[in-house]
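Undergrad: For reference, this is final30.cif, and it has mmCIF, C-alpha atoms and all ligand atoms.
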```cif
data_start
loop_
_atom_site.label_atom_id
_atom_site.label_comp_id
_atom_site.auth_asym_id
_atom_site.auth_seq_id
_atom_site.Cartn_x
_atom_site.Cartn_y
_atom_site.Cartn_z
CA MET A 552 40.35 -3.80 109.44
CA ASP A 553 38.47 -6.77 110.73
CA VAL A 554 37.79 -9.20 107.96
CA LYS A 555 36.37 -12.47 109.16
CA THR A 556 36.65 -15.59 107.11
CA THR A 557 33.39 -17.39 106.76
CA MET A 558 33.99 -21.05 107.26
CA SER A 559 30.56 -22.19 106.19
CA GLY A 560 29.42 -20.79 102.89
CA PRO A 561 25.91 -21.21 101.57
CA VAL A 562 24.99 -24.73 100.61
CA ASP A 563 25.32 -24.83 96.88
CA LEU A 564 22.81 -27.15 95.31
CA PRO A 565 22.90 -27.31 91.55
CA PRO A 566 19.65 -26.07 90.02
CA PRO A 567 17.53 -28.86 88.55
CA MET A 568 17.58 -27.24 85.13
CA PHE A 569 21.32 -27.81 85.00
CA GLU A 570 20.72 -31.54 84.76
CA PRO A 571 20.57 -33.14 81.34
CA ALA A 572 17.34 -34.88 80.45
CA PRO A 573 17.58 -38.56 79.60
CA VAL A 574 17.13 -39.20 75.89
CA ALA A 575 14.03 -41.26 75.11
CA GLY A 576 14.86 -44.77 74.00
CA CYS A 577 18.48 -44.59 75.17
CA ASP A 578 19.36 -47.45 77.51
CA VAL A 579 22.41 -45.67 78.85
CA CYS A 580 20.33 -42.65 79.79
CA ALA A 581 17.73 -44.87 81.45
CA VAL A 582 20.38 -46.50 83.63
CA LEU A 583 22.03 -43.17 84.42
CA LYS A 584 18.70 -41.64 85.34
CA ARG A 585 18.00 -44.47 87.76
CA ASP A 586 21.50 -44.27 89.22
CA ARG A 587 21.14 -40.51 89.58
CA GLU A 588 17.89 -40.82 91.48
CA THR A 589 19.33 -43.51 93.74
CA ALA A 590 22.39 -41.40 94.42
CA ARG A 591 20.28 -38.34 95.15
CA SER A 592 18.11 -40.25 97.58
CA LYS A 593 21.30 -41.21 99.44
CA GLY A 594 22.54 -37.65 99.37
CA ASP A 595 25.51 -38.66 97.22
CA LEU A 596 25.77 -35.49 95.18
CA SER A 597 29.11 -36.28 93.61
CA LYS A 598 27.57 -39.42 92.15
CA VAL A 599 24.62 -37.37 90.93
CA THR A 600 27.08 -35.08 89.15
CA ASP A 601 28.91 -38.06 87.66
CA CYS A 602 25.64 -39.33 86.21
CA ASN A 603 24.85 -35.91 84.77
CA VAL A 604 28.26 -35.62 83.17
CA GLU A 605 28.00 -39.07 81.67
CA MET A 606 24.44 -38.53 80.48
CA ARG A 607 25.68 -35.58 78.46
CA SER A 608 29.03 -36.91 77.38
CA HIS A 609 28.01 -40.31 76.01
CA HIS A 610 25.84 -38.55 73.42
CA LEU A 611 28.55 -36.05 72.59
CA ALA A 612 30.89 -38.98 71.99
CA ASP A 613 28.36 -40.35 69.48
CA GLY A 614 28.77 -37.28 67.35
CA ARG A 615 25.00 -37.12 67.07
ZN ZN B 701 21.72 -41.54 76.32
#
```
Show me, as structure tokens, the structure contained in the file I just sent.
Ligand SMILES: [Zn+2]

TA:
Amino acid sequence: MDVKTTMSGPVDLPPPMFEPAPVAGCDVCAVLKRDRETARSKGDLSKVTDCNVEMRSHHLADGR
């Protein structure tokens, strides 16, 4: 049996629809959206993910 390990898997970009939309009128979302775009333009995908997580979680924390 000759099973080869693939070292380079497919590049896994998160689909855009996975990203939370900023809530209108929310200052935190506005800042996170700007940070997210800046991070994406730099190719800093972990920062992009951080922004997405925070954009969701700060509203969940509201309980609204
Ligand atoms: Zn918000």

Undergrad: How would you write, as a list in words, the set of residues no farther than 6 Å from ligand ZN 701 (chain B) when counting all atoms listed in the file?

TA: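 Based on all atoms listed in the file, ligand ZN 701 (chain B) is surrounded within 6 Å by Val574, Cys577, Val579, Cys580, Met606 and His610 of chain A.
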
Undergrad: Phe569 in chain A: which residues within 12 Å, counting only C-alpha atoms, same-chain residues fewer than 6 positions away excluded, as a short mmCIF file (atom, residue, chain, number, x, y, z; two decimals) with C-alpha atoms, keeping the file's coordinate frame?

TA:
```cif
data_model
loop_
_atom_site.label_atom_id
_atom_site.label_comp_id
_atom_site.auth_asym_id
_atom_site.auth_seq_id
_atom_site.Cartn_x
_atom_site.Cartn_y
_atom_site.Cartn_z
CA VAL A 599 24.62 -37.37 90.93
CA THR A 600 27.08 -35.08 89.15
CA ASN A 603 24.85 -35.91 84.77
CA VAL A 604 28.26 -35.62 83.17
CA ARG A 607 25.68 -35.58 78.46
#
```

Undergrad: Take the point (25.2, -32.2, 77.1) in the file's coordinates, draw a sphere of radius 7 Å around it, and report as a ChimeraX atom specification every protein, DNA or RNA residue with an atom inside or on it, counting all atoms listed in the file.

TA: /A:571,607-608,611

Undergrad: Between CA of Lys593 in chain A and CA of His609 in chain A, what is the distance, to one decimal in Å?

TA: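 Answer for the CA of Lys593 in chain A to CA of His609 in chain A separation: 24.4 Å.
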
Undergrad: Pick out the closest residue to Lys598 in chain A from this set: A:Asp578, A:Lys555, A:Arg585, A:Pro573. Count all atoms listed in the file.

TA: A:Arg585

Undergrad: Using CA of Ala590 in chain A and CA of Glu605 in chain A as the two end points, give the distance in Å to one decimal.

TA: 14.1 Å

Undergrad: Ranking A:Asp595, A:Thr589, A:Cys602, A:Asp553 by minimum distance to Ala572 in chain A and counting only C-alpha atoms, which one comes first?

TA: A:Cys602

Undergrad: For range 577-585 of chain A, take all atoms listed in the file, fit an axis-aligned box around them, add 8 Å to each of the six sides, then output centre and edge lengths in Å rounded to one decimal, as AutoDock Vina command-line options.

TA:
```
--center_x 20.1 --center_y -44.5 --center_z 81.5 --size_x 20.7 --size_y 21.8 --size_z 28.6
```
